[in-house]
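Raw contents of data38.pdb, PDB, C-alpha atoms:
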ATOM      1  CA  MET I 253     137.183  12.000  60.168
ATOM      2  CA  PHE I 254     134.898  14.585  58.647
ATOM      3  CA  GLY I 255     131.936  12.678  60.033
ATOM      4  CA  ALA I 256     133.347  12.903  63.566
ATOM      5  CA  ILE I 257     133.926  16.648  63.260
ATOM      6  CA  GLY I 258     130.406  17.196  61.956
ATOM      7  CA  GLY I 259     128.945  15.183  64.825
ATOM      8  CA  PHE I 260     130.904  17.259  67.359
ATOM      9  CA  ILE I 261     129.665  20.529  65.878
ATOM     10  CA  THR I 262     126.109  19.241  65.950
ATOM     11  CA  PHE I 263     126.492  18.329  69.621
ATOM     12  CA  ILE I 264     127.739  21.790  70.467
ATOM     13  CA  ILE I 265     124.851  23.438  68.664
ATOM     14  CA  ILE I 266     122.299  21.263  70.449
ATOM     15  CA  ALA I 267     123.949  21.969  73.785
ATOM     16  CA  VAL I 268     123.808  25.747  73.194
ATOM     17  CA  ILE I 269     120.138  25.532  72.266
ATOM     18  CA  ILE I 270     119.375  23.523  75.379
ATOM     19  CA  LEU I 271     121.230  26.019  77.576
ATOM     20  CA  PHE I 272     119.366  28.918  75.970
ATOM     21  CA  ILE I 273     116.020  27.240  76.547
ATOM     22  CA  LEU I 274     116.905  26.492  80.162
ATOM     23  CA  SER I 275     118.004  30.094  80.740
ATOM     24  CA  THR I 276     114.677  31.373  79.473
ATOM     25  CA  CYS I 277     112.821  28.974  81.726
ATOM     26  CA  ILE I 278     114.544  30.124  84.913
ATOM     27  CA  ARG I 279     113.392  33.478  86.297
ATOM     28  CA  ILE I 280     114.639  35.237  89.439
ATOM     29  CA  VAL I 281     112.248  37.889  90.759
ATOM     30  CA  PRO I 282     113.937  40.720  92.755
ATOM     31  CA  GLN I 283     112.521  42.617  95.728
ATOM     32  CA  ALA I 284     109.543  44.977  95.089
ATOM     33  CA  GLN I 285     108.703  43.302  91.765
ATOM     34  CA  ALA I 286     106.229  40.699  90.558
ATOM     35  CA  LEU I 287     105.737  38.703  87.360
ATOM     36  CA  VAL I 288     102.345  37.975  85.848
ATOM     37  CA  VAL I 289     102.702  34.561  84.096
ATOM     38  CA  GLU I 290     100.418  33.095  81.425
ATOM     39  CA  ARG I 291     100.208  29.501  80.169
ATOM     40  CA  LEU I 292      98.963  29.085  76.658
ATOM     41  CA  GLY I 293      97.533  32.618  76.824
ATOM     42  CA  ALA I 294      95.620  32.159  80.109
ATOM     43  CA  TYR I 295      96.584  33.646  83.452
ATOM     44  CA  LEU I 296      98.693  31.125  85.356
ATOM     45  CA  GLY I 297      99.833  33.034  88.440
ATOM     46  CA  THR I 298     101.840  35.886  89.947
ATOM     47  CA  TYR I 299     105.442  35.130  90.811
ATOM     48  CA  SER I 300     106.811  37.116  93.755
ATOM     49  CA  VAL I 301     110.369  37.392  95.124
ATOM     50  CA  GLY I 302     112.548  34.304  94.515
ATOM     51  CA  ILE I 303     113.528  31.811  91.770
ATOM     52  CA  HIS I 304     110.848  30.356  89.488
ATOM     53  CA  PHE I 305     110.758  27.914  86.523
ATOM     54  CA  LEU I 306     108.683  28.261  83.361
ATOM     55  CA  VAL I 307     107.694  25.492  80.984
ATOM     56  CA  PRO I 308     109.386  26.135  77.650
ATOM     57  CA  PHE I 309     107.125  27.246  74.794
ATOM     58  CA  ILE I 310     104.064  27.007  77.063
ATOM     59  CA  ASP I 311     104.553  29.560  79.867
ATOM     60  CA  ARG I 312     105.448  33.200  79.334
ATOM     61  CA  VAL I 313     105.771  36.387  81.399
ATOM     62  CA  ALA I 314     102.805  38.568  80.432
ATOM     63  CA  LYS I 315     103.766  41.612  82.524
ATOM     64  CA  LYS I 316     106.524  42.709  84.858
ATOM     65  CA  VAL I 317     105.036  44.814  87.681
ATOM     66  CA  ASN I 318     106.837  47.366  89.910
ATOM     67  CA  LEU I 319     105.444  47.214  93.438
ATOM     68  CA  LYS I 320     107.187  50.400  94.722
ATOM     69  CA  GLU I 321     105.238  53.570  95.381
ATOM     70  CA  GLN I 322     105.222  55.646  92.216
ATOM     71  CA  VAL I 323     104.806  59.363  91.554
ATOM     72  CA  GLU I 324     103.221  60.835  88.450
ATOM     73  CA  ASP I 325     103.300  64.555  87.701
ATOM     74  CA  PHE I 326     100.506  65.327  85.262
ATOM     75  CA  ALA I 327     100.449  68.332  82.951
ATOM     76  CA  PRO I 328      98.272  71.378  83.855
ATOM     77  CA  GLN I 329      94.591  70.888  83.158
ATOM     78  CA  PRO I 330      92.116  73.711  82.363
ATOM     79  CA  VAL I 331      89.293  73.852  84.910
ATOM     80  CA  ILE I 332      86.379  76.249  85.406
ATOM     81  CA  THR I 333      85.286  77.412  88.834
ATOM     82  CA  LYS I 334      81.722  77.952  89.993
ATOM     83  CA  ASP I 335      82.004  81.696  89.250
ATOM     84  CA  ASN I 336      83.159  80.968  85.647
ATOM     85  CA  VAL I 337      86.889  81.595  86.075
ATOM     86  CA  THR I 338      89.138  79.388  83.944
ATOM     87  CA  MET I 339      92.450  78.425  85.499
ATOM     88  CA  GLN I 340      95.236  75.925  84.958
ATOM     89  CA  ILE I 341      95.936  73.307  87.663
ATOM     90  CA  ASP I 342      98.566  70.589  87.578
ATOM     91  CA  THR I 343      98.493  67.675  89.994
ATOM     92  CA  VAL I 344     100.876  65.134  91.460
ATOM     93  CA  VAL I 345      99.544  61.633  92.226
ATOM     94  CA  PHE I 346     101.229  59.121  94.539
ATOM     95  CA  PHE I 347     100.190  55.473  94.153
ATOM     96  CA  TYR I 348     101.374  51.864  94.287
ATOM     97  CA  ILE I 349     100.149  48.547  92.832
ATOM     98  CA  THR I 350      98.382  46.233  95.238
ATOM     99  CA  ASP I 351      97.300  43.472  92.831
ATOM    100  CA  PRO I 352      99.543  42.713  89.797
ATOM    101  CA  LYS I 353      96.835  40.596  88.131
ATOM    102  CA  LEU I 354      94.251  43.385  88.219
ATOM    103  CA  TYR I 355      96.898  45.870  87.132
ATOM    104  CA  ALA I 356      97.780  43.661  84.139
ATOM    105  CA  TYR I 357      94.223  42.855  83.061
ATOM    106  CA  GLY I 358      92.077  45.572  84.637
ATOM    107  CA  VAL I 359      92.691  48.484  82.275
ATOM    108  CA  GLU I 360      94.744  49.214  79.185
ATOM    109  CA  ARG I 361      97.528  51.779  79.808
ATOM    110  CA  PRO I 362      96.868  52.323  83.521
ATOM    111  CA  LEU I 363      98.906  55.548  83.809
ATOM    112  CA  LEU I 364      96.938  57.239  81.050
ATOM    113  CA  ALA I 365      93.739  56.065  82.710
ATOM    114  CA  ILE I 366      94.855  57.595  86.033
ATOM    115  CA  GLU I 367      95.733  60.880  84.299
ATOM    116  CA  ASN I 368      92.342  61.160  82.608
ATOM    117  CA  LEU I 369      90.545  60.172  85.788
ATOM    118  CA  THR I 370      92.504  62.820  87.723
ATOM    119  CA  ALA I 371      91.547  65.546  85.241
ATOM    120  CA  THR I 372      87.881  64.555  85.336
ATOM    121  CA  THR I 373      87.745  64.391  89.129
ATOM    122  CA  LEU I 374      89.530  67.754  89.422
ATOM    123  CA  ARG I 375      87.024  69.449  87.112
ATOM    124  CA  ASN I 376      84.120  68.051  89.105
ATOM    125  CA  ILE I 377      85.502  69.272  92.430
ATOM    126  CA  ILE I 378      86.610  72.721  91.212
ATOM    127  CA  GLY I 379      83.291  73.212  89.441
ATOM    128  CA  ASP I 380      81.572  73.316  92.845
ATOM    129  CA  LEU I 381      83.965  75.932  94.265
ATOM    130  CA  GLU I 382      84.407  79.634  93.639
ATOM    131  CA  LEU I 383      87.788  81.189  92.895
ATOM    132  CA  ASP I 384      88.513  82.287  96.465
ATOM    133  CA  GLU I 385      87.579  78.859  97.829
ATOM    134  CA  THR I 386      89.814  77.179  95.251
ATOM    135  CA  LEU I 387      92.795  79.282  96.294
ATOM    136  CA  THR I 388      92.271  78.747 100.013
ATOM    137  CA  SER I 389      91.067  75.120 100.120
ATOM    138  CA  ARG I 390      93.978  73.103  98.800
ATOM    139  CA  GLU I 391      93.918  70.601 101.639
ATOM    140  CA  THR I 392      90.198  69.977 101.152
ATOM    141  CA  ILE I 393      90.603  69.528  97.396
ATOM    142  CA  ASN I 394      93.549  67.166  97.891
ATOM    143  CA  ALA I 395      91.582  65.007 100.319
ATOM    144  CA  LYS I 396      88.528  64.802  98.041
ATOM    145  CA  MET I 397      90.627  63.898  95.016
ATOM    146  CA  GLN I 398      92.576  61.216  96.898
ATOM    147  CA  GLU I 399      89.360  59.624  98.094
ATOM    148  CA  SER I 400      87.711  59.669  94.646
ATOM    149  CA  LEU I 401      90.763  58.360  92.794
ATOM    150  CA  ASP I 402      91.382  55.613  95.331
ATOM    151  CA  ILE I 403      87.846  54.304  94.904
ATOM    152  CA  ALA I 404      87.994  54.528  91.093
ATOM    153  CA  THR I 405      91.395  52.813  90.748
ATOM    154  CA  ASP I 406      90.709  49.992  93.197
ATOM    155  CA  PRO I 407      89.380  47.622  90.434
ATOM    156  CA  TRP I 408      92.673  48.204  88.587
ATOM    157  CA  GLY I 409      94.757  46.938  91.498
ATOM    158  CA  ILE I 410      96.043  50.465  92.243
ATOM    159  CA  LYS I 411      96.075  52.237  95.617
ATOM    160  CA  VAL I 412      96.194  56.056  95.497
ATOM    161  CA  THR I 413      97.890  57.271  98.678
ATOM    162  CA  ARG I 414      98.029  61.020  98.115
ATOM    163  CA  VAL I 415      97.122  63.748  95.628
ATOM    164  CA  GLU I 416      98.668  67.229  95.655
ATOM    165  CA  LEU I 417      97.740  70.339  93.690
ATOM    166  CA  LYS I 418     101.141  71.477  92.508
ATOM    167  CA  ASN I 419     100.244  74.807  90.900
ATOM    168  CA  ILE I 420      97.069  76.848  90.595
ATOM    169  CA  ILE I 421      97.442  79.382  87.788
ATOM    170  CA  PRO I 422      94.548  81.870  87.451
ATOM    171  CA  PRO I 423      94.061  84.082  84.371
ATOM    172  CA  ALA I 424      96.550  86.934  83.862
ATOM    173  CA  ALA I 425      94.019  89.673  84.705
ATOM    174  CA  ILE I 426      92.977  87.985  87.932
ATOM    175  CA  GLN I 427      96.588  87.228  88.811
ATOM    176  CA  GLU I 428      97.469  90.902  88.324
ATOM    177  CA  ALA I 429      94.530  91.963  90.495
ATOM    178  CA  MET I 430      95.576  89.476  93.153
ATOM    179  CA  GLU I 431      99.127  90.825  93.096
ATOM    180  CA  LYS I 432      97.821  94.377  93.512
ATOM    181  CA  GLN I 433      95.636  93.226  96.393
ATOM    182  CA  MET I 434      98.550  91.455  98.006
ATOM    183  CA  LYS I 435     100.700  94.562  97.550
ATOM    184  CA  ALA I 436      98.027  96.735  99.144
ATOM    185  CA  GLU I 437      97.718  94.253 101.994
ATOM    186  CA  ARG I 438     101.474  94.299 102.532
ATOM    187  CA  GLU I 439     101.474  98.102 102.528
ATOM    188  CA  ARG I 440      98.571  98.138 104.986
ATOM    189  CA  ARG I 441     100.384  95.737 107.303
ATOM    190  CA  GLU I 442     103.545  97.789 106.966
ATOM    191  CA  SER I 443     101.623 100.951 107.916
ATOM    192  CA  ILE I 444     100.093  99.191 110.878
ATOM    193  CA  LEU I 445     103.458  97.918 112.020
ATOM    194  CA  ARG I 446     105.012 101.357 111.560
ATOM    195  CA  ALA I 447     102.186 102.991 113.529
ATOM    196  CA  GLU I 448     102.505 100.412 116.275
ATOM    197  CA  GLY I 449     106.253 101.007 116.347
ATOM    198  CA  GLU I 450     105.784 104.773 116.633
ATOM    199  CA  LYS I 451     103.169 104.253 119.335
ATOM    200  CA  LYS I 452     105.481 102.009 121.311
ATOM    201  CA  SER I 453     108.303 104.511 120.825
ATOM    202  CA  MET I 454     106.130 107.364 122.142
ATOM    203  CA  ILE I 455     105.051 105.242 125.064
ATOM    204  CA  LEU I 456     108.660 104.440 125.873
ATOM    205  CA  VAL I 457     109.632 108.115 125.630
ATOM    206  CA  ALA I 458     106.717 109.129 127.847
ATOM    207  CA  GLU I 459     107.586 106.443 130.361
ATOM    208  CA  GLY I 460     111.194 107.598 130.264
ATOM    209  CA  ASN I 461     110.166 111.211 130.874
ATOM    210  CA  LYS I 462     107.862 110.123 133.652
ATOM    211  CA  GLU I 463     110.574 108.042 135.247
ATOM    212  CA  SER I 464     113.010 110.959 134.912
ATOM    213  CA  ALA I 465     110.520 113.359 136.492
ATOM    214  CA  VAL I 466     109.892 110.929 139.333
ATOM    215  CA  LEU I 467     113.606 110.510 139.901
ATOM    216  CA  ASN I 468     114.137 114.286 139.826
ATOM    217  CA  ALA I 469     111.298 114.831 142.274
ATOM    218  CA  GLU I 470     112.661 112.152 144.565
ATOM    219  CA  ALA I 471     116.130 113.694 144.310
ATOM    220  CA  GLU I 472     114.772 117.151 145.159
ATOM    221  CA  LYS I 473     112.805 115.666 148.008
ATOM    222  CA  GLU I 474     115.876 113.901 149.350
ATOM    223  CA  ALA I 475     117.905 117.122 148.975
ATOM    224  CA  ALA I 476     115.256 119.140 150.807
ATOM    225  CA  ILE I 477     115.117 116.555 153.590
ATOM    226  CA  LEU I 478     118.888 116.520 153.901
ATOM    227  CA  LYS I 479     118.989 120.351 153.920
ATOM    228  CA  ALA I 480     116.266 120.531 156.564
ATOM    229  CA  GLU I 481     118.067 117.936 158.651
ATOM    230  CA  ALA I 482     121.305 119.887 158.246
ATOM    231  CA  GLU I 483     119.602 123.146 159.342
ATOM    232  CA  LYS I 484     118.015 121.322 162.227
ATOM    233  CA  GLU I 485     121.361 119.827 163.232
ATOM    234  CA  LYS I 486     122.991 123.266 162.953
ATOM    235  CA  LYS I 487     120.380 124.912 165.159
ATOM    236  CA  ILE I 488     120.656 122.088 167.653
ATOM    237  CA  LYS I 489     124.435 122.483 167.722
ATOM    238  CA  GLU I 490     124.139 126.292 168.127
ATOM    239  CA  ALA I 491     121.572 125.901 170.896
ATOM    240  CA  GLN I 492     123.778 123.343 172.596
ATOM    241  CA  GLY I 493     126.742 125.725 172.282
ATOM    242  CA  GLN I 494     124.776 128.633 173.746
ATOM    243  CA  ALA I 495     123.487 126.452 176.525
ATOM    244  CA  GLU I 496     127.020 125.242 177.202
ATOM    245  CA  ALA I 497     128.265 128.867 177.291
ATOM    246  CA  ILE I 498     125.498 129.890 179.669
ATOM    247  CA  ARG I 499     126.267 126.922 181.862
ATOM    248  CA  SER I 500     129.953 127.848 181.825
ATOM    249  CA  VAL I 501     129.229 131.497 182.789
ATOM    250  CA  GLN I 502     126.825 130.434 185.498
ATOM    251  CA  GLN I 503     129.307 127.866 186.742
ATOM    252  CA  ALA I 504     132.090 130.502 186.790
ATOM    253  CA  THR I 505     129.850 132.954 188.670
ATOM    254  CA  ALA I 506     128.827 130.303 191.134
ATOM    255  CA  ASP I 507     132.462 129.295 191.626
ATOM    256  CA  GLY I 508     133.448 132.965 192.186
ATOM    257  CA  ILE I 509     130.779 133.465 194.783
ATOM    258  CA  ARG I 510     131.728 130.214 196.425
ATOM    259  CA  PHE I 511     135.387 131.221 196.526
ATOM    260  CA  ILE I 512     134.530 134.639 198.050
ATOM    261  CA  LYS I 513     132.403 132.985 200.673
ATOM    262  CA  GLU I 514     135.102 130.468 201.459
ATOM    263  CA  ALA I 515     137.640 133.355 201.833
ATOM    264  CA  GLY I 516     135.464 134.881 204.614
ATOM    265  CA  ALA I 517     134.791 138.124 202.824
ATOM    266  CA  ASP I 518     132.429 140.418 204.738
ATOM    267  CA  ASN I 519     129.624 142.522 203.429
ATOM    268  CA  ALA I 520     131.898 145.470 202.670
ATOM    269  CA  VAL I 521     134.078 143.418 200.377
ATOM    270  CA  LEU I 522     131.016 142.113 198.582
ATOM    271  CA  GLN I 523     129.758 145.648 198.137
ATOM    272  CA  LEU I 524     133.189 146.704 196.762
ATOM    273  CA  LYS I 525     132.994 143.847 194.251
ATOM    274  CA  SER I 526     129.567 145.075 193.296
ATOM    275  CA  LEU I 527     130.992 148.558 192.881
ATOM    276  CA  GLU I 528     133.711 147.221 190.589
ATOM    277  CA  ALA I 529     131.070 145.521 188.528
ATOM    278  CA  PHE I 530     129.156 148.768 188.142
ATOM    279  CA  GLN I 531     132.368 150.601 187.319
ATOM    280  CA  ALA I 532     133.039 148.104 184.524
ATOM    281  CA  ALA I 533     129.533 148.606 183.350
ATOM    282  CA  ALA I 534     130.024 152.398 183.408
ATOM    283  CA  ASN I 535     133.041 152.050 181.158
ATOM    284  CA  GLY I 536     130.853 150.268 178.610
ATOM    285  CA  LYS I 537     128.388 151.663 176.176
ATOM    286  CA  ALA I 538     125.538 152.139 178.667
ATOM    287  CA  ASN I 539     124.269 155.766 178.854
ATOM    288  CA  LYS I 540     122.662 155.451 182.277
ATOM    289  CA  ILE I 541     123.517 153.351 185.320
ATOM    290  CA  ILE I 542     121.213 153.038 188.312
ATOM    291  CA  ILE I 543     123.191 152.356 191.486
ATOM    292  CA  PRO I 544     121.376 150.928 194.517
ATOM    293  CA  SER I 545     121.306 153.138 197.697
ATOM    294  CA  ASP I 546     123.259 150.743 199.831
ATOM    295  CA  ILE I 547     126.172 150.886 197.400
ATOM    296  CA  GLN I 548     126.287 154.704 197.253
ATOM    297  CA  GLY I 549     127.766 155.022 200.750
ATOM    298  CA  ILE I 550     130.403 152.486 199.955
ATOM    299  CA  ALA I 551     131.162 154.372 196.801
ATOM    300  CA  GLY I 552     131.783 157.607 198.747
ATOM    301  CA  LEU I 553     133.975 155.799 201.216
ATOM    302  CA  ALA I 554     135.934 154.226 198.440
ATOM    303  CA  LYS I 555     136.422 157.638 196.844
ATOM    304  CA  SER I 556     137.710 159.189 200.167
ATOM    305  CA  ILE I 557     140.123 156.297 200.614
ATOM    306  CA  ALA I 558     141.375 156.745 197.125
ATOM    307  CA  GLU I 559     141.977 160.488 197.651
ATOM    308  CA  VAL I 560     143.917 159.871 200.929
ATOM    309  CA  ALA I 561     146.023 157.270 199.231
ATOM    310  CA  ALA I 562     146.781 159.705 196.426
ATOM    311  CA  LYS I 563     147.882 162.435 198.879
ATOM    312  CA  ASP I 564     150.202 160.044 200.721
ATOM    313  CA  GLU I 565     151.855 159.090 197.503
ATOM    314  CA  ALA I 566     152.370 162.794 196.664
ATOM    315  CA  ALA I 567     153.934 163.533 200.082
ATOM    316  CA  GLU I 568     156.393 160.771 199.665
TER     317      GLU I 568
END
In structure tokens, what does this structure look like?
Amino acid sequence: MFGAIGGFITFIIIAVIILFILSTCIRIVPQAQALVVERLGAYLGTYSVGIHFLVPFIDRVAKKVNLKEQVEDFAPQPVITKDNVTMQIDTVVFFYITDPKLYAYGVERPLLAIENLTATTLRNIIGDLELDETLTSRETINAKMQESLDIATDPWGIKVTRVELKNIIPPAAIQEAMEKQMKAERERRESILRAEGEKKSMILVAEGNKESAVLNAEAEKEAAILKAEAEKEKKIKEAQGQAEAIRSVQQATADGIRFIKEAGADNAVLQLKSLEAFQAAANGKANKIIIPSDIQGIAGLAKSIAEVAAKDEAAE
């Protein structure tokens, strides 16, 4: 009985060992990863995405490689410009692994190698530039560094896609001078903008005054034209009224003469009418009246008739 129990325990132990060995021999590689496999210490192959089997005690995974694009932010490095100004510059490097075998066997500690190579390349590039060029040529420096690092890391199975200068920190004295210069530049721009604003304001005021003067002049002109037209219309109306009055008087005179003629009045009646007209004139403000000779006789006759008529009235 004890022998049967011991045999069962032994079977279980052997089964567990076999399962453990099988589990270590089966490898599943996920997306964006690769396995560098060695057999008896020599490079066997690179396993990509999928399920793979290893020979127990003979094959082993030498390195697990991440194929995603990676970003490394390196600490600030002291660099000296062409005009002997020391500054601190930190960089950011973007890269990915193109060949897992070269990455595994090309260089020891690849990230440290990239960091040192970045610092060396940065010093070489900045050493050929003056301070002003360094501050204004970031894009140029980035492009040169990316090109140099990509060439240098190619034997390591690494592809450098981009390099960025994160911060450029000049010495404190130069930074203070730059801040003062920037402040002066801002004040200068502010003065220019203020002057331009005042100039535009004056121009607008002048244009407004000009427009107002033009409008006033046009208004006065229109008023003068309207006044002149009104005076002209008034004079025309007065002249028309006078002409109408003259026409009415002349028409009345002509009608009177026509009526007298139609009534068959003789010359004596006409002369009496003339006498009445002169009498009316004598009652006016005239100081002297000149009576024609042919009317004087009629006047005497009219006077005699008037006296006779007066006597007859008295007798009655």
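Near range 359-362 of chain I, within a cut-off of 12 Å and counting only C-alpha atoms, sit the residues Val317, Glu324, Phe347, Tyr348, Ile349, Pro352, Lys353, Leu354, Glu367, Asn368, Leu369, Ala404, Thr405, Asp406, Pro407, Trp408, Gly409 and Ile410 of chain I, with same-chain residues fewer than 5 positions away left out.
Selection check: the PyMOL selection byres ((chain I and resi 293) around 9) on the shown file gives Glu290, Arg291, Leu292, Ala294, Tyr295, Leu296, Ile310, Asp311, Arg312 and Ala314 of chain I.
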>> Once the PyMOL selection byres ((chain I and resi 374-388) around 8) is applied to the coordinates I shared, what remains selected? I want it as a PyMOL selection string.
In response: chain I and resi 331-335+337+370-373+389-390+393+396-397+420
Okay, now the selection with C-alpha atoms, as a PDB file, keeping the file's coordinate frame?
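Okay, this is what ended up in out.pdb:
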ATOM      1  CA  VAL I 331      89.293  73.852  84.910  1.00  0.00           C
ATOM      2  CA  ILE I 332      86.379  76.249  85.406  1.00  0.00           C
ATOM      3  CA  THR I 333      85.286  77.412  88.834  1.00  0.00           C
ATOM      4  CA  LYS I 334      81.722  77.952  89.993  1.00  0.00           C
ATOM      5  CA  ASP I 335      82.004  81.696  89.250  1.00  0.00           C
ATOM      6  CA  VAL I 337      86.889  81.595  86.075  1.00  0.00           C
ATOM      7  CA  THR I 370      92.504  62.820  87.723  1.00  0.00           C
ATOM      8  CA  ALA I 371      91.547  65.546  85.241  1.00  0.00           C
ATOM      9  CA  THR I 372      87.881  64.555  85.336  1.00  0.00           C
ATOM     10  CA  THR I 373      87.745  64.391  89.129  1.00  0.00           C
ATOM     11  CA  SER I 389      91.067  75.120 100.120  1.00  0.00           C
ATOM     12  CA  ARG I 390      93.978  73.103  98.800  1.00  0.00           C
ATOM     13  CA  ILE I 393      90.603  69.528  97.396  1.00  0.00           C
ATOM     14  CA  LYS I 396      88.528  64.802  98.041  1.00  0.00           C
ATOM     15  CA  MET I 397      90.627  63.898  95.016  1.00  0.00           C
ATOM     16  CA  ILE I 420      97.069  76.848  90.595  1.00  0.00           C
TER      17      ILE I 420
END
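CA of Glu321 in chain I is positioned 17.0 Å from CA of Val301 in chain I.
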>> Please list, as a PyMOL selection string, the residues that have an atom at most 10 Å away from (111.0, 29.9, 88.4) in the coordinates of this file, counting only C-alpha atoms.
In response: chain I and resi 276-281+299-300+302-307
Limited to C-alpha atoms, could you put the picked residues into a file as a short mmCIF file (atom, residue, chain, number, x, y, z; two decimals), in the frame of the given file?
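Result file follows (selection_18.cif):
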data_model
loop_
_atom_site.label_atom_id
_atom_site.label_comp_id
_atom_site.auth_asym_id
_atom_site.auth_seq_id
_atom_site.Cartn_x
_atom_site.Cartn_y
_atom_site.Cartn_z
CA THR I 276 114.68 31.37 79.47
CA CYS I 277 112.82 28.97 81.73
CA ILE I 278 114.54 30.12 84.91
CA ARG I 279 113.39 33.48 86.30
CA ILE I 280 114.64 35.24 89.44
CA VAL I 281 112.25 37.89 90.76
CA TYR I 299 105.44 35.13 90.81
CA SER I 300 106.81 37.12 93.76
CA GLY I 302 112.55 34.30 94.52
CA ILE I 303 113.53 31.81 91.77
CA HIS I 304 110.85 30.36 89.49
CA PHE I 305 110.76 27.91 86.52
CA LEU I 306 108.68 28.26 83.36
CA VAL I 307 107.69 25.49 80.98
#
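What separates CA of Val313 in chain I from CA of Ala356 in chain I is a distance of 11.1 Å.
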> Pick the closest to Ile426 in chain I from I:Glu483, I:Leu401, I:Thr338, I:Glu474: which is it, counting all atoms listed in the file?
Replying inline: I:Thr338
> Within 12 Å of (100.8, 63.9, 87.3), all atoms listed in the file: residues as an MDAnalysis selection string?
Replying inline: chainID I and resid 322:329 341:347 363:371 414:419
Once you have the residues from the selection above, write them out as a PDB file, in the frame of the given file, restricted to C-alpha atoms.
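The resulting part07.pdb:
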ATOM      1  CA  GLN I 322     105.222  55.646  92.216  1.00  0.00           C
ATOM      2  CA  VAL I 323     104.806  59.363  91.554  1.00  0.00           C
ATOM      3  CA  GLU I 324     103.221  60.835  88.450  1.00  0.00           C
ATOM      4  CA  ASP I 325     103.300  64.555  87.701  1.00  0.00           C
ATOM      5  CA  PHE I 326     100.506  65.327  85.262  1.00  0.00           C
ATOM      6  CA  ALA I 327     100.449  68.332  82.951  1.00  0.00           C
ATOM      7  CA  PRO I 328      98.272  71.378  83.855  1.00  0.00           C
ATOM      8  CA  GLN I 329      94.591  70.888  83.158  1.00  0.00           C
ATOM      9  CA  ILE I 341      95.936  73.307  87.663  1.00  0.00           C
ATOM     10  CA  ASP I 342      98.566  70.589  87.578  1.00  0.00           C
ATOM     11  CA  THR I 343      98.493  67.675  89.994  1.00  0.00           C
ATOM     12  CA  VAL I 344     100.876  65.134  91.460  1.00  0.00           C
ATOM     13  CA  VAL I 345      99.544  61.633  92.226  1.00  0.00           C
ATOM     14  CA  PHE I 346     101.229  59.121  94.539  1.00  0.00           C
ATOM     15  CA  PHE I 347     100.190  55.473  94.153  1.00  0.00           C
ATOM     16  CA  LEU I 363      98.906  55.548  83.809  1.00  0.00           C
ATOM     17  CA  LEU I 364      96.938  57.239  81.050  1.00  0.00           C
ATOM     18  CA  ALA I 365      93.739  56.065  82.710  1.00  0.00           C
ATOM     19  CA  ILE I 366      94.855  57.595  86.033  1.00  0.00           C
ATOM     20  CA  GLU I 367      95.733  60.880  84.299  1.00  0.00           C
ATOM     21  CA  ASN I 368      92.342  61.160  82.608  1.00  0.00           C
ATOM     22  CA  LEU I 369      90.545  60.172  85.788  1.00  0.00           C
ATOM     23  CA  THR I 370      92.504  62.820  87.723  1.00  0.00           C
ATOM     24  CA  ALA I 371      91.547  65.546  85.241  1.00  0.00           C
ATOM     25  CA  ARG I 414      98.029  61.020  98.115  1.00  0.00           C
ATOM     26  CA  VAL I 415      97.122  63.748  95.628  1.00  0.00           C
ATOM     27  CA  GLU I 416      98.668  67.229  95.655  1.00  0.00           C
ATOM     28  CA  LEU I 417      97.740  70.339  93.690  1.00  0.00           C
ATOM     29  CA  LYS I 418     101.141  71.477  92.508  1.00  0.00           C
ATOM     30  CA  ASN I 419     100.244  74.807  90.900  1.00  0.00           C
TER      31      ASN I 419
END
>> Can you measure CA of Asn394 in chain I to CA of Val412 in chain I for me? One decimal in Å is fine.
In response: 11.7 Å
Padding of 4 Å on every side, edges along x, y and z, all listed atoms of range 489-507 of chain I included: what centre and edge lengths in Å, to one decimal, does that box have, as JSON?
{"center_x": 127.0, "center_y": 127.7, "center_z": 179.7, "size_x": 18.9, "size_y": 18.5, "size_z": 31.9}
